[in-house]
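Some notes on the structure that comes next.
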Amino acid sequence: MLSVHIENIGQMAIIRCEGRIVQSHAAFQLREAVHSQSDARLIVLDLSAVPAIQGGGLGMLVVLQQWAQHRDIRLKLFNPRQAVWDCLEHASSIREFDIAP
């Protein structure tokens with residue numbers, strides 16, 4: 001189960017994710033959280049409490065990156081755990097993202 005907490009600081013939105021992003025419900029929940037921040041100039045996805053991500057979640061991250069680029073929003077992944085980092089690398093998606101350790 002994924003829980004999402006949003007904090008806004010000026011034109012920055014921090015979306016803290018807690019839980020696994022392995023089912024479509026979690027991926028769609030993440031999409032709704034990001035889309036709700038369309039007025040932000042920077043969206044930081046804090047993935048430090050996400051122990052696992054799989055296909056649908058990875059695909060959603062790519063879609064969200066494209067969505068942000070089309071709206072001139074910078075999307076940054078923050079502090080992904082090693083398992084999430086490995087999935088991003090394995091899917092060759094890592095080069096698509098701005099990642100802050």
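In the structure tokens, the first chain shown is A, the next is B, and so on; residue numbers restart at 1 for each chain, and ligands run from 1 in the order shown.
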Practice problem: Fewer than 5 positions away in the same chain doesn't count, so skip those; otherwise give me all residues within 8 Å of region 67-73 of chain A, counting only C-alpha atoms, as an NGL selection string. | Solution: :A and (38 or 40-43)
Practice problem: Please return as a PyMOL selection string: the residues of chain A that backbone DSSP assigns to alpha helix (DSSP H). | Solution: chain A and resi 24-35+55-70+82-90
Practice problem: Tell me which of A:Lys76, A:Arg81, A:His25, A:Arg95 sits closest to Ala13 (chain A), counting only C-alpha atoms. | Solution: A:Lys76
Self-check item: Top pick for closest residue to Glu18 (chain A), considering A:Pro80, A:Ile99, A:Gln37, A:Glu32 and counting only C-alpha atoms
Solution: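 Of the candidates, the smallest distance to Glu18 (chain A) is held by A:Pro80.
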Exercise. Pick out the residues sitting within 8 Å of Gly56 (chain A), and hand them over as a PyMOL selection string; count only C-alpha atoms, and ignore anything fewer than 4 positions along from it in its own chain.
Key: chain A and resi 21-24+27+60
Quick one: write out the picked residues with all heavy atoms as a compact mmCIF listing (two decimals), in the first residue's frame?
```txt
# COMPACT_ATOMS: atom_id res chain seq x y z
N ILE A 21 5.52 0.61 -4.80
CA ILE A 21 4.84 1.05 -6.03
C ILE A 21 4.94 -0.12 -7.01
O ILE A 21 5.75 -0.13 -7.92
CB ILE A 21 5.47 2.34 -6.60
CG1 ILE A 21 5.56 3.42 -5.53
CG2 ILE A 21 4.65 2.83 -7.80
CD1 ILE A 21 6.30 4.68 -5.97
N VAL A 22 4.13 -1.14 -6.73
CA VAL A 22 4.20 -2.37 -7.52
C VAL A 22 2.87 -2.73 -8.17
O VAL A 22 2.83 -3.59 -9.03
CB VAL A 22 4.73 -3.56 -6.67
CG1 VAL A 22 6.16 -3.31 -6.22
CG2 VAL A 22 3.83 -3.83 -5.48
N GLN A 23 1.80 -2.09 -7.78
CA GLN A 23 0.49 -2.37 -8.37
C GLN A 23 -0.01 -1.12 -9.07
O GLN A 23 0.39 0.01 -8.76
CB GLN A 23 -0.51 -2.80 -7.30
CG GLN A 23 -0.11 -4.11 -6.63
CD GLN A 23 -1.11 -4.51 -5.56
OE1 GLN A 23 -2.01 -3.76 -5.21
NE2 GLN A 23 -0.94 -5.71 -5.03
N SER A 24 -0.91 -1.32 -10.01
CA SER A 24 -1.41 -0.18 -10.80
C SER A 24 -2.09 0.85 -9.91
O SER A 24 -1.98 2.05 -10.17
CB SER A 24 -2.35 -0.66 -11.90
OG SER A 24 -3.45 -1.35 -11.35
N ALA A 27 0.53 3.18 -8.69
CA ALA A 27 1.03 4.02 -9.78
C ALA A 27 0.03 5.13 -10.10
O ALA A 27 0.43 6.29 -10.31
CB ALA A 27 1.30 3.17 -11.03
N MET A 60 5.08 4.57 -14.93
CA MET A 60 4.42 5.80 -14.50
C MET A 60 5.44 6.90 -14.25
O MET A 60 5.18 8.06 -14.58
CB MET A 60 3.58 5.55 -13.25
CG MET A 60 2.77 6.76 -12.82
SD MET A 60 1.59 7.32 -14.11
CE MET A 60 0.37 6.01 -14.00
```
Practice problem: Work out how far CA of Asp98 (chain A) is from CA of Leu64 (chain A), in Å to one decimal. | Solution: 12.4 Å
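Shortest separation to Pro51 (chain A) among A:Cys17, A:Ala33, A:Val63, A:Val84 occurs at residue A:Val84, atoms counted being only C-alpha atoms.
The strand (DSSP E) portion of region 16-86 of chain A consists of Arg16, Cys17, Glu18, Leu42, Ile43, Val44, Leu45, Asp46, Leu47, Ser48, Ala49, Arg74, Leu75, Lys76, Leu77 and Phe78 of chain A, with states taken from DSSP on the backbone.
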Write to file, as a short mmCIF file (atom, residue, chain, number, x, y, z; two decimals), in the first residue's frame, the residues of the selection just made, with C-alpha atoms.
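Final output, saved to result01.cif:
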```cif
data_model
loop_
_atom_site.label_atom_id
_atom_site.label_comp_id
_atom_site.auth_asym_id
_atom_site.auth_seq_id
_atom_site.Cartn_x
_atom_site.Cartn_y
_atom_site.Cartn_z
CA ARG A 16 6.77 11.95 0.06
CA CYS A 17 5.96 8.39 -0.92
CA GLU A 18 5.79 5.58 1.62
CA LEU A 42 9.72 21.91 -9.16
CA ILE A 43 8.27 18.61 -7.98
CA VAL A 44 10.46 16.47 -5.74
CA LEU A 45 9.43 12.84 -5.38
CA ASP A 46 10.91 11.64 -2.09
CA LEU A 47 11.37 7.91 -2.62
CA SER A 48 13.38 7.25 0.55
CA ALA A 49 10.51 5.22 2.07
CA ARG A 74 11.34 20.05 -13.17
CA LEU A 75 10.69 16.59 -11.72
CA LYS A 76 13.37 15.31 -9.37
CA LEU A 77 13.61 11.90 -7.71
CA PHE A 78 15.05 12.16 -4.21
#
```
Practice problem: Provide the CA of Cys87 (chain A) to CA of Gly59 (chain A) distance in Å, to one decimal place. | Solution: 11.2 Å
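Taking only C-alpha atoms into account, Asp86 (chain A) lies nearest to A:Leu58 out of the set A:Leu58, A:Gly19, A:His5, A:Ala26.
Counting from CA of Glu96 (chain A), the distance to CA of Asn79 (chain A) is 15.8 Å.
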Quiz item: When distances are computed from only C-alpha atoms, which of A:Ile15, A:Glu89, A:Asn8, A:Phe97 shows the smallest separation from Arg31 (chain A)?
Solution: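 The shortest atom-to-atom distance to Arg31 (chain A) comes from A:Ile15.
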